Structure formats: C-alpha cells, structure tokens
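Shown next, in structure tokens, is the structure this report addresses.
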Amino acid sequence: MLFVCKDIIFDLNAPQWFNNWFSQKAYICIKQLCTMFISSTPQVTLLIVHSMVFAIAIVYLVISRKNLKKNILRYEQQVLLSQMNPHFVFNSLTAIQSYIFRNEPHTASKYLASFAKLTRLILENSRCELCSLEREITTLKLYLDLQKLRFEGRFDYAITVAEQVDPDAVLIPPMLAQPLIENAIEHGFSGISWAGRIEIRYTLAKPKYLVIEVEDNGIGIEKSHEVHENKGKQYRSLATEITKERIKNLKKLGNSGIKLNITDKSAFNSNASGTIAQIVIPIK
C-alpha cells in the first residue's frame, strides 16, 4: 500500500486583538525568554518552552471565550428583534383584506405595498447591529401608518428631529423605539374616548448622546394596570420586556451608556394622562 504525503500550509491571519500595544509587550516577553533560553540548562529550557505554550494557550482560550460570548449576544439581539409582535403582521393583513372586501382595491394596494416594504426593512434591520436614523424613521413611519389603518385613524402621530441631529450620519440599534410605540397603541389607547396622539422626538442631550422620546396621551401605566386587573388579567408588556432585554444585551456588548426610562405622566401632573418613554444612546 502506497501513502503519498504532501506538505500542508496553514495561513493564519492576525486576530483583531493583536494590536500595537500587544505586539510591543509580546516582543519584550519573547526577547527576555529567548535570552533565558540561550543561557539556561536543558531542564530550564524545557520549563521555559512549556511555560510559553501554556501562556499562549491561556490567552487564546480567554479571547476565544470573550468573542464567543459577544457572538451569542449578537444572535440574541437578532432573536429579540424578530419577536416584535408577530400579531401585528396578522392584524395588518386583516385590515388590508377589509379594504379588498369593501371594494377599495387602490387603497388596499397602497397599504399592501407599504406592508411589503416594512417587512423587507425589518428583515434587513434584524441582520444589522446599527442602522442610520433616517432608515429607522422610514421604518417607523411605515409601521405607524399601518397601525393607523388597523385602528381606523383613531390616533395620529408626529416625528420630529432636532436641527443638530443628522439623520444620515447618526447610527443607532434598529427598532429600539418600536416596542414603546406599540405599547402606546395597544395599551395606552385601549378604551380611550379621545383622539390618540403619539409624539416621537430625537434630540441631543450632549454632543455624544442621542435622546429618543416616545410620548402619548393615552391612559397611562397605572390606569392600564387597573383596566387589566378589572378584567381579571395580569398586566404584562412583552414589548417593554423585549426592549429591556435588548438594552441589557447592548450594554454587555459595550454600549454601557444606553439607558431606558418609562414614566407615567400622572406622576408629575395629576391632570395629565399618558406615558413618556425615553431612551438615551451614546453615539460616535
């Protein structure tokens, strides 16, 4: 039996952590070890070699574990993003279907095109860690227009961007504000006798921080709790839980400055109703 052996060449690219600082420190350590290696006895030489191999293995394992944890967190972000109220898809298609049944094909076609575009944007955003603020606003407008269709215009909305904010240059995690908007529509406007209103504002608190505010004139958090209790249901906002989980993961990925604050407007004005949700995001 004949065995043919060939040389196998491995081409290993330098990892991201191999920066100038690491190179300098590694060079100094290797130089010192080489000096000891040359001037030492065979037993000491063997000990030095074993120590070097062990040290390299430890460094590799630590960095590999860190990169693995980051990858897991990124996948968790994608999963959380994909959980953005699947009922919305069904309800939107049902609303579009109603226009078809009422023999309004032009309106149905218009909203169906918007739904298709929104679905494409959400799928694309779920694969990205960051998207431009301009793209985010486009996605939210499509989402809000379809929600207005569902609720037959029972609420209105406004999106304002401060002059000092460049929507094309600012990059943020996609769809962070969407669950807060969903909360306002699904819970805040539940059973109201007045016209609903959602205001979404993008401002700069500091040169390096973007502030996203979602304000509504709904019944508020406390009243919503009471409504659910009277119906014998336990109040649970899945949208808020998803947002909090995403922010928790974003902090682990290095965005330590990101914050979420949700306030019932009646807490600082007894005559006011509704909720103000605020997200603070560090930007580069």
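Chain labels run A, B, ... following the order of the structure tokens; each chain numbers its residues from 1, and ligands are numbered from 1 in the order shown.
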Contact residues around Ser273 in chain A with only C-alpha atoms at 12 Å, ignoring same-chain residues under 4 positions, as number ranges by chain: A: 184, 188-189, 192, 194, 196-197, 215-224, 263-269
Go ahead and save the residues from that selection, with C-alpha atoms, as a JSON list (two decimals), in the first residue's frame.
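Output below, filename part11.json:
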```
[["chain", "number", "residue", "atom", "x", "y", "z"],
["A", 184, "ALA", "CA", -48.79, 53.24, 23.47],
["A", 188, "GLY", "CA", -52.24, 53.34, 26.17],
["A", 189, "PHE", "CA", -55.08, 53.91, 23.70],
["A", 192, "ILE", "CA", -60.00, 55.95, 25.29],
["A", 194, "TRP", "CA", -60.50, 60.98, 22.82],
["A", 196, "GLY", "CA", -54.89, 59.41, 20.49],
["A", 197, "ARG", "CA", -51.60, 61.18, 19.85],
["A", 215, "GLU", "CA", -44.85, 60.40, 24.40],
["A", 216, "ASP", "CA", -48.52, 59.51, 24.20],
["A", 217, "ASN", "CA", -51.77, 60.90, 25.62],
["A", 218, "GLY", "CA", -53.23, 57.50, 26.48],
["A", 219, "ILE", "CA", -54.50, 56.22, 29.82],
["A", 220, "GLY", "CA", -51.03, 55.77, 31.32],
["A", 221, "ILE", "CA", -49.28, 52.88, 33.06],
["A", 222, "GLU", "CA", -51.23, 52.88, 36.34],
["A", 223, "LYS", "CA", -54.62, 53.10, 34.65],
["A", 224, "SER", "CA", -53.65, 50.34, 32.24],
["A", 263, "THR", "CA", -42.69, 57.46, 33.32],
["A", 264, "ASP", "CA", -46.43, 57.78, 33.87],
["A", 265, "LYS", "CA", -47.28, 61.44, 33.19],
["A", 266, "SER", "CA", -49.69, 61.49, 36.15],
["A", 267, "ALA", "CA", -46.66, 61.06, 38.44],
["A", 268, "PHE", "CA", -45.68, 64.73, 37.97],
["A", 269, "ASN", "CA", -49.08, 66.15, 36.92]]
```
List the spatial neighbours of range 142-148 of chain A as an MDAnalysis selection string - criterion: any atom at most 9 Å away, only C-alpha atoms, same-chain residues fewer than 3 positions off excluded. chainID A and resid 88 91:92 95 111 114:115 117:118 137:139 151:157 178 181:182 185
Could those selected residues go to a file with N, CA and C atoms, as a CSV table (one decimal), in the first residue's frame?
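What ended up in part-v2.csv:
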```
chain,number,residue,atom,x,y,z
A,88,PHE,N,-48.9,41.8,14.9
A,88,PHE,CA,-49.0,42.9,14.1
A,88,PHE,C,-49.1,42.5,12.6
A,91,ASN,N,-52.7,41.2,12.0
A,91,ASN,CA,-53.7,42.3,12.1
A,91,ASN,C,-53.6,43.3,10.9
A,92,SER,N,-52.4,43.5,10.5
A,92,SER,CA,-52.2,44.4,9.3
A,92,SER,C,-52.8,43.8,8.0
A,95,ALA,N,-56.5,44.0,8.2
A,95,ALA,CA,-57.0,45.4,7.8
A,95,ALA,C,-57.0,45.6,6.3
A,111,TYR,N,-51.6,50.1,0.8
A,111,TYR,CA,-51.2,49.6,2.1
A,111,TYR,C,-50.4,48.3,2.0
A,114,SER,N,-46.9,49.2,1.2
A,114,SER,CA,-46.3,49.7,2.5
A,114,SER,C,-45.9,48.5,3.4
A,115,PHE,N,-46.8,47.5,3.5
A,115,PHE,CA,-46.6,46.4,4.4
A,115,PHE,C,-45.4,45.6,3.8
A,117,LYS,N,-42.9,46.7,2.0
A,117,LYS,CA,-41.6,47.5,2.3
A,117,LYS,C,-41.2,47.4,3.7
A,118,LEU,N,-42.2,47.5,4.6
A,118,LEU,CA,-41.9,47.5,6.1
A,118,LEU,C,-41.3,46.1,6.4
A,137,ILE,N,-36.3,56.1,11.0
A,137,ILE,CA,-37.5,56.9,10.9
A,137,ILE,C,-38.4,56.4,9.7
A,138,THR,N,-37.9,56.0,8.6
A,138,THR,CA,-38.6,55.5,7.5
A,138,THR,C,-39.4,54.2,7.9
A,139,THR,N,-38.7,53.4,8.7
A,139,THR,CA,-39.3,52.1,9.1
A,139,THR,C,-40.5,52.4,10.1
A,151,PHE,N,-56.4,50.7,13.3
A,151,PHE,CA,-57.2,51.3,14.2
A,151,PHE,C,-58.1,52.4,13.6
A,152,GLU,N,-58.2,52.4,12.3
A,152,GLU,CA,-59.1,53.3,11.5
A,152,GLU,C,-58.9,54.8,11.9
A,153,GLY,N,-57.7,55.2,12.0
A,153,GLY,CA,-57.4,56.6,12.2
A,153,GLY,C,-57.7,57.1,13.6
A,154,ARG,N,-57.8,56.3,14.6
A,154,ARG,CA,-58.2,56.7,16.0
A,154,ARG,C,-57.0,57.4,16.7
A,155,PHE,N,-55.9,57.4,16.1
A,155,PHE,CA,-54.8,58.2,16.7
A,155,PHE,C,-53.9,58.8,15.5
A,156,ASP,N,-53.2,59.8,15.9
A,156,ASP,CA,-52.3,60.5,15.0
A,156,ASP,C,-50.9,60.5,15.6
A,157,TYR,N,-49.9,60.8,14.8
A,157,TYR,CA,-48.5,60.8,15.3
A,157,TYR,C,-47.7,61.9,14.6
A,178,GLN,N,-39.7,51.1,18.5
A,178,GLN,CA,-40.9,50.4,18.0
A,178,GLN,C,-41.7,49.8,19.2
A,181,ILE,N,-43.7,52.4,21.1
A,181,ILE,CA,-44.8,52.9,20.3
A,181,ILE,C,-45.9,51.9,20.3
A,182,GLU,N,-45.6,50.6,20.2
A,182,GLU,CA,-46.5,49.5,20.2
A,182,GLU,C,-47.3,49.5,21.5
A,185,ILE,N,-49.9,52.2,21.6
A,185,ILE,CA,-51.1,51.9,20.7
A,185,ILE,C,-51.9,50.8,21.3
```
Mind pulling up the distance from CA of Leu176 in chain A to CA of Gly274 in chain A?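 CA of Leu176 in chain A lies 19.7 Å from CA of Gly274 in chain A.
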Set the distance at 6 Å and use only C-alpha atoms: which residues neighbour range 248-258 of chain A once local chain neighbours fewer than 6 positions away are removed? I'd like the list as an MDAnalysis selection string. chainID A and resid 280:282
Env of Leu93 in chain A: 12 Å cut, atoms = only C-alpha atoms, seq-sep filter 3 positions within chain, self excluded. Answer as a PyMOL selection string. chain A and resi 86-90+96-100+108-109+111-116+119+146-147+149-150
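The gap separating CA of Met175 in chain A from CA of Val214 in chain A is 12.8 Å, in Å to one decimal.
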Find, counting only C-alpha atoms, the residue in A:Leu204, A:Ile198, A:Ile56, A:Ile283 that gets nearest to Ala177 in chain A. A:Ile198
So that I can check the secondary structure, give me every residue of range 163-246 of chain A assigned alpha helix (DSSP H) by backbone DSSP, as a VMD selection string. chain A and resid 178 to 183 221 to 230 238 to 246
Name the closest residue to Leu121 in chain A among the candidates A:Asp168, A:Glu104, A:Glu136, A:Glu163; distances are taken between atoms, counting only C-alpha atoms.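 Comparing A:Asp168, A:Glu104, A:Glu136, A:Glu163 against Leu121 in chain A, the winner is A:Glu136.
Minimum atom-to-atom distance to His225 in chain A, evaluated using only C-alpha atoms, belongs to A:His187 out of A:Arg201, A:Lys244, A:Lys208, A:His187.
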